[in-house]
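my_file.cif, holding mmCIF, C-alpha atoms (C1' of nucleotides):
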```cif
data_model
#
loop_
_atom_site.label_atom_id
_atom_site.label_comp_id
_atom_site.auth_asym_id
_atom_site.auth_seq_id
_atom_site.Cartn_x
_atom_site.Cartn_y
_atom_site.Cartn_z
CA MET A 68 -69.66 44.03 -78.95
CA ARG A 69 -72.09 45.96 -80.93
CA GLU A 70 -69.37 48.09 -82.45
CA GLY A 71 -68.53 45.21 -84.72
CA VAL A 72 -70.96 46.35 -87.29
CA VAL A 73 -68.27 45.77 -89.88
CA VAL A 74 -69.23 43.24 -92.49
CA ASP A 75 -67.04 40.33 -91.50
CA GLU A 76 -69.57 37.93 -92.93
CA LEU A 77 -70.42 37.48 -96.57
CA PRO A 78 -73.97 37.44 -97.89
CA ASP A 79 -75.58 34.05 -97.56
CA TYR A 80 -75.92 33.52 -101.27
CA VAL A 81 -72.27 34.29 -101.86
CA GLU A 82 -71.27 31.76 -99.23
CA ARG A 83 -73.20 29.07 -101.03
CA VAL A 84 -71.64 29.94 -104.35
CA LEU A 85 -68.14 29.75 -102.89
CA GLU A 86 -68.98 26.48 -101.23
CA VAL A 87 -69.92 24.93 -104.55
CA ALA A 88 -66.77 26.30 -106.16
CA GLU A 89 -64.70 24.58 -103.52
CA ARG A 90 -66.34 21.23 -104.21
CA ILE A 91 -65.36 21.17 -107.88
CA PRO A 92 -62.61 18.57 -108.26
CA ALA A 93 -59.27 19.50 -109.76
CA GLY A 94 -59.26 18.98 -113.49
CA ARG A 95 -62.98 19.69 -113.82
CA VAL A 96 -65.08 22.86 -114.14
CA MET A 97 -68.62 24.13 -113.75
CA SER A 98 -70.13 27.02 -115.69
CA TYR A 99 -71.69 29.99 -113.93
CA GLY A 100 -75.06 28.75 -115.11
CA ASP A 101 -74.31 25.26 -113.81
CA VAL A 102 -73.59 26.62 -110.36
CA ALA A 103 -76.78 28.69 -110.38
CA GLU A 104 -78.82 25.71 -111.45
CA TYR A 105 -77.15 23.50 -108.89
CA LEU A 106 -78.02 25.98 -106.14
CA GLY A 107 -81.52 26.37 -107.45
CA GLU A 108 -81.39 30.10 -106.98
CA GLY A 109 -80.06 33.14 -108.74
CA GLY A 110 -78.70 33.04 -112.25
CA PRO A 111 -75.37 32.98 -114.08
CA ARG A 112 -74.91 36.68 -113.63
CA GLN A 113 -75.39 36.50 -109.87
CA VAL A 114 -72.85 33.72 -109.65
CA GLY A 115 -70.53 35.78 -111.81
CA ARG A 116 -70.87 38.75 -109.53
CA ALA A 117 -70.26 36.64 -106.43
CA MET A 118 -67.11 35.21 -107.96
CA ALA A 119 -65.87 38.56 -109.18
CA LEU A 120 -66.21 40.15 -105.78
CA TYR A 121 -65.41 37.35 -103.38
CA GLY A 122 -64.02 34.46 -105.39
CA GLY A 123 -60.41 35.20 -104.62
CA GLY A 124 -60.14 32.60 -101.88
CA VAL A 125 -61.47 29.62 -103.79
CA PRO A 126 -60.42 27.81 -106.99
CA TRP A 127 -61.95 30.53 -109.16
CA TRP A 128 -60.56 29.03 -112.37
CA ARG A 129 -62.94 26.08 -112.00
CA VAL A 130 -65.99 28.29 -112.47
CA VAL A 131 -66.09 29.30 -116.09
CA ARG A 132 -68.17 30.52 -119.00
CA ALA A 133 -70.37 27.92 -120.65
CA ASP A 134 -68.59 28.33 -123.98
CA GLY A 135 -65.21 27.46 -122.50
CA VAL A 136 -63.57 30.84 -123.07
CA LEU A 137 -61.00 31.57 -120.38
CA LEU A 138 -61.62 34.32 -117.87
CA ALA A 139 -60.87 37.64 -119.54
CA GLY A 140 -57.90 39.28 -117.94
CA SER A 141 -56.73 36.12 -116.19
CA GLU A 142 -56.31 33.81 -119.16
CA LEU A 143 -52.69 33.01 -118.46
CA ARG A 144 -53.11 32.45 -114.74
CA ALA A 145 -56.05 30.18 -115.43
CA LEU A 146 -54.17 28.36 -118.15
CA GLU A 147 -51.36 27.47 -115.79
CA HIS A 148 -53.83 25.89 -113.40
CA TYR A 149 -55.49 23.94 -116.21
CA ARG A 150 -52.23 22.54 -117.48
CA GLU A 151 -51.20 21.65 -113.97
CA GLU A 152 -54.52 19.94 -113.19
CA GLY A 153 -54.83 18.29 -116.56
CA THR A 154 -58.12 20.01 -117.32
CA PRO A 155 -59.25 19.11 -120.87
CA LEU A 156 -58.44 21.93 -123.27
CA ARG A 157 -59.18 22.42 -126.93
CA GLU A 158 -55.83 23.34 -128.31
CA ARG A 159 -55.71 24.58 -131.81
CA GLY A 160 -53.88 22.08 -133.92
CA GLY A 161 -53.04 23.90 -137.08
CA PRO A 162 -50.36 26.40 -138.04
CA ALA A 163 -52.61 29.19 -136.80
CA ALA A 164 -52.04 27.95 -133.27
CA ARG A 165 -49.44 30.66 -132.80
CA ASP A 166 -50.38 33.22 -130.12
CA HIS A 167 -53.69 31.59 -129.54
CA VAL A 168 -55.10 31.03 -126.06
CA PRO A 169 -56.88 27.66 -125.99
CA ARG A 170 -60.41 27.14 -124.74
CA LEU A 171 -61.74 24.54 -122.35
CA ASP A 172 -63.16 21.34 -123.77
CA MET A 173 -66.48 21.70 -121.98
CA ARG A 174 -67.76 18.32 -123.08
CA ARG A 175 -65.07 16.60 -121.10
CA ALA A 176 -64.25 19.14 -118.40
CA ARG A 177 -67.77 19.86 -117.21
CA TRP A 178 -68.61 18.51 -113.78
CA ASP A 179 -72.23 17.89 -112.84
CA GLY A 180 -71.82 18.35 -109.12
CA GLY A 181 -71.54 14.79 -108.05
"C1'" DA B 170 -88.70 55.11 -111.04
"C1'" DG B 171 -85.83 54.46 -115.23
"C1'" DC B 172 -81.51 53.22 -117.40
"C1'" DT B 173 -77.01 51.13 -117.60
"C1'" DT B 174 -73.84 47.56 -116.47
"C1'" DG B 175 -71.97 43.01 -115.71
"C1'" DA B 176 -66.33 37.03 -114.41
"C1'" DC B 177 -73.75 34.99 -118.46
"C1'" DC B 178 -76.62 31.73 -121.76
"C1'" DG B 179 -79.00 29.65 -125.67
"C1'" DA B 180 -80.82 30.07 -130.04
"C1'" DC B 181 -80.01 31.46 -134.71
"C1'" DC B 182 -77.75 32.54 -138.82
"C1'" DT C 210 -66.38 28.54 -136.30
"C1'" DG C 211 -67.78 32.85 -135.13
"C1'" DG C 212 -70.90 36.96 -134.49
"C1'" DT C 213 -75.54 38.95 -133.03
"C1'" DC C 214 -79.68 39.20 -130.42
"C1'" DG C 215 -82.89 38.83 -126.73
"C1'" DG C 216 -83.50 37.34 -122.27
"C1'" DC C 217 -81.82 37.20 -117.77
"C1'" DC C 218 -81.53 39.42 -112.79
"C1'" DA C 219 -79.29 42.06 -109.24
"C1'" DA C 220 -76.63 46.42 -108.24
"C1'" DG C 221 -75.52 51.27 -108.95
"C1'" DC C 222 -76.41 55.77 -110.31
#
```
Rewrite the structure of this file - the entire thing - as structure tokens.
Amino acid sequence: MREGVVVDELPDYVERVLEVAERIPAGRVMSYGDVAEYLGEGGPRQVGRAMALYGGGVPWWRVVRADGVLLAGSELRALEHYREEGTPLRERGGPAARDHVPRLDMRRARWDGG
DNA sequence: AGCTTGACCGACC
DNA sequence: TGGTCGGCCAAGC
């Protein structure tokens, strides 16, 4: 069985990142930096890379930027999940709300990891 | 070995 | 409220 040199297993660090992502409850989020800090290893950028490459199988929309800006390129997909899960958003109230993608209300949506 | 590139962050203005 | 800047750290070239 030595032929199976194919990488059917993800790097250890990536596995841990995905594990944390899966623990985030619906309606809540963690920032990349939060996840890194929670793991006690790596940094926001490492978490970001892990999610970008392998995050497809987990609730990727629950791992977000610390400033609450929605994932570039997937704003609408993410937004649908947020509305469905009731994740706190900062909608823009005024007339200028037209064509404006909301941001997450990080104060309320942030999850500390239990 | 050096430089650029990211699903980033916090401080500052 | 929004933009810049420096720091961050691994990967790629």
message: Quick check on the file I pasted: which residues fall under the PyMOL selection byres ((chain A) within 12 of (chain B))? Write them as a PyMOL selection string.
response: chain A and resi 98-103+109-123+127-134+136-142
Near-Gly153 in chain A list (9 Å; all atoms listed in the file; drop same-chain fewer than 4 positions) as a ChimeraX atom specification: /A:93-95,148-149
For C-alpha atoms, I'd like the residues from the last selection saved as a PDB file, keeping the file's coordinate frame.
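The resulting file, part-v2.pdb, is shown below:
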```
ATOM      1  CA  ALA A  93     -59.270  19.500-109.760  1.00  0.00           C
ATOM      2  CA  GLY A  94     -59.260  18.980-113.490  1.00  0.00           C
ATOM      3  CA  ARG A  95     -62.980  19.690-113.820  1.00  0.00           C
ATOM      4  CA  HIS A 148     -53.830  25.890-113.400  1.00  0.00           C
ATOM      5  CA  TYR A 149     -55.490  23.940-116.210  1.00  0.00           C
TER       6      TYR A 149
END
```
message: Translate the PyMOL selection byres ((chain C) within 9 of (chain A)) into a concrete residue list for this structure, as a VMD selection string.
response: chain C and resid 217 to 219
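Here the question is which of A:Ala176, A:Leu77, A:Met97, A:Val87 gets nearest to Glu152 in chain A using all atoms listed in the file, and that residue is A:Ala176.
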statement: The distance between CA of Arg144 in chain A and CA of Pro169 in chain A is 12.8 Å
task: Kindly give the distance, in Å, that separates CA of Pro126 in chain A and CA of Arg157 in chain A, rounded to a single decimal.
output: 20.7 Å
query: Do you have the CA of Glu147 in chain A-CA of Arg175 in chain A distance handy?
result: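 We find that CA of Glu147 in chain A and CA of Arg175 in chain A lie 18.3 Å from each other.
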Taking all heavy atoms as the atom set, what does range 135-146 of chain A look like once completed, written as a short mmCIF file (atom, residue, chain, number, x, y, z; two decimals), keeping the file's coordinate frame?
```
data_model
loop_
_atom_site.label_atom_id
_atom_site.label_comp_id
_atom_site.auth_asym_id
_atom_site.auth_seq_id
_atom_site.Cartn_x
_atom_site.Cartn_y
_atom_site.Cartn_z
N GLY A 135 -66.59 27.91 -122.68
CA GLY A 135 -65.21 27.46 -122.50
C GLY A 135 -64.14 28.51 -122.69
O GLY A 135 -62.94 28.21 -122.61
N VAL A 136 -64.54 29.75 -122.93
CA VAL A 136 -63.57 30.84 -123.07
C VAL A 136 -62.97 31.16 -121.71
O VAL A 136 -63.70 31.26 -120.73
CB VAL A 136 -64.24 32.10 -123.66
CG1 VAL A 136 -63.29 33.28 -123.61
CG2 VAL A 136 -64.71 31.82 -125.07
N LEU A 137 -61.67 31.30 -121.65
CA LEU A 137 -61.00 31.57 -120.38
C LEU A 137 -61.34 32.96 -119.85
O LEU A 137 -61.58 33.88 -120.62
CB LEU A 137 -59.49 31.43 -120.53
CG LEU A 137 -58.96 30.11 -121.10
CD1 LEU A 137 -57.50 29.95 -120.68
CD2 LEU A 137 -59.78 28.93 -120.64
N LEU A 138 -61.30 33.07 -118.54
CA LEU A 138 -61.62 34.32 -117.87
C LEU A 138 -60.82 35.50 -118.42
O LEU A 138 -59.59 35.51 -118.34
CB LEU A 138 -61.37 34.18 -116.37
CG LEU A 138 -61.61 35.44 -115.55
CD1 LEU A 138 -63.04 35.93 -115.74
CD2 LEU A 138 -61.31 35.17 -114.10
N ALA A 139 -61.52 36.48 -118.96
CA ALA A 139 -60.87 37.64 -119.54
C ALA A 139 -60.02 38.34 -118.51
O ALA A 139 -60.48 38.66 -117.42
CB ALA A 139 -61.93 38.60 -120.10
N GLY A 140 -58.80 38.58 -118.85
CA GLY A 140 -57.90 39.28 -117.94
C GLY A 140 -57.05 38.35 -117.12
O GLY A 140 -56.00 38.73 -116.62
N SER A 141 -57.49 37.10 -116.97
CA SER A 141 -56.73 36.12 -116.19
C SER A 141 -56.46 34.86 -116.98
O SER A 141 -56.25 33.80 -116.40
CB SER A 141 -57.49 35.77 -114.91
OG SER A 141 -57.80 36.93 -114.19
N GLU A 142 -56.49 34.97 -118.30
CA GLU A 142 -56.31 33.81 -119.16
C GLU A 142 -55.05 33.01 -118.81
O GLU A 142 -55.11 31.79 -118.66
CB GLU A 142 -56.21 34.21 -120.63
CG GLU A 142 -57.46 34.83 -121.19
CD GLU A 142 -57.43 36.34 -121.04
OE1 GLU A 142 -56.57 36.84 -120.28
OE2 GLU A 142 -58.25 37.02 -121.68
N LEU A 143 -53.95 33.71 -118.67
CA LEU A 143 -52.69 33.01 -118.46
C LEU A 143 -52.61 32.34 -117.11
O LEU A 143 -52.14 31.21 -116.98
CB LEU A 143 -51.52 33.96 -118.66
CG LEU A 143 -51.48 34.54 -120.07
CD1 LEU A 143 -50.26 35.42 -120.25
CD2 LEU A 143 -51.50 33.42 -121.11
N ARG A 144 -53.10 33.05 -116.08
CA ARG A 144 -53.11 32.45 -114.74
C ARG A 144 -53.98 31.21 -114.75
O ARG A 144 -53.62 30.16 -114.21
CB ARG A 144 -53.64 33.43 -113.71
CG ARG A 144 -52.54 33.93 -112.82
CD ARG A 144 -52.85 35.26 -112.17
NE ARG A 144 -54.06 35.90 -112.63
CZ ARG A 144 -54.23 37.21 -112.61
NH1 ARG A 144 -53.27 37.98 -112.16
NH2 ARG A 144 -55.35 37.74 -113.03
N ALA A 145 -55.14 31.31 -115.37
CA ALA A 145 -56.05 30.18 -115.43
C ALA A 145 -55.40 29.02 -116.20
O ALA A 145 -55.43 27.87 -115.75
CB ALA A 145 -57.35 30.59 -116.11
N LEU A 146 -54.79 29.37 -117.30
CA LEU A 146 -54.17 28.36 -118.15
C LEU A 146 -53.13 27.54 -117.40
O LEU A 146 -53.04 26.31 -117.56
CB LEU A 146 -53.54 29.05 -119.35
CG LEU A 146 -53.15 28.15 -120.52
CD1 LEU A 146 -54.30 27.23 -120.90
CD2 LEU A 146 -52.73 29.01 -121.70
#
```
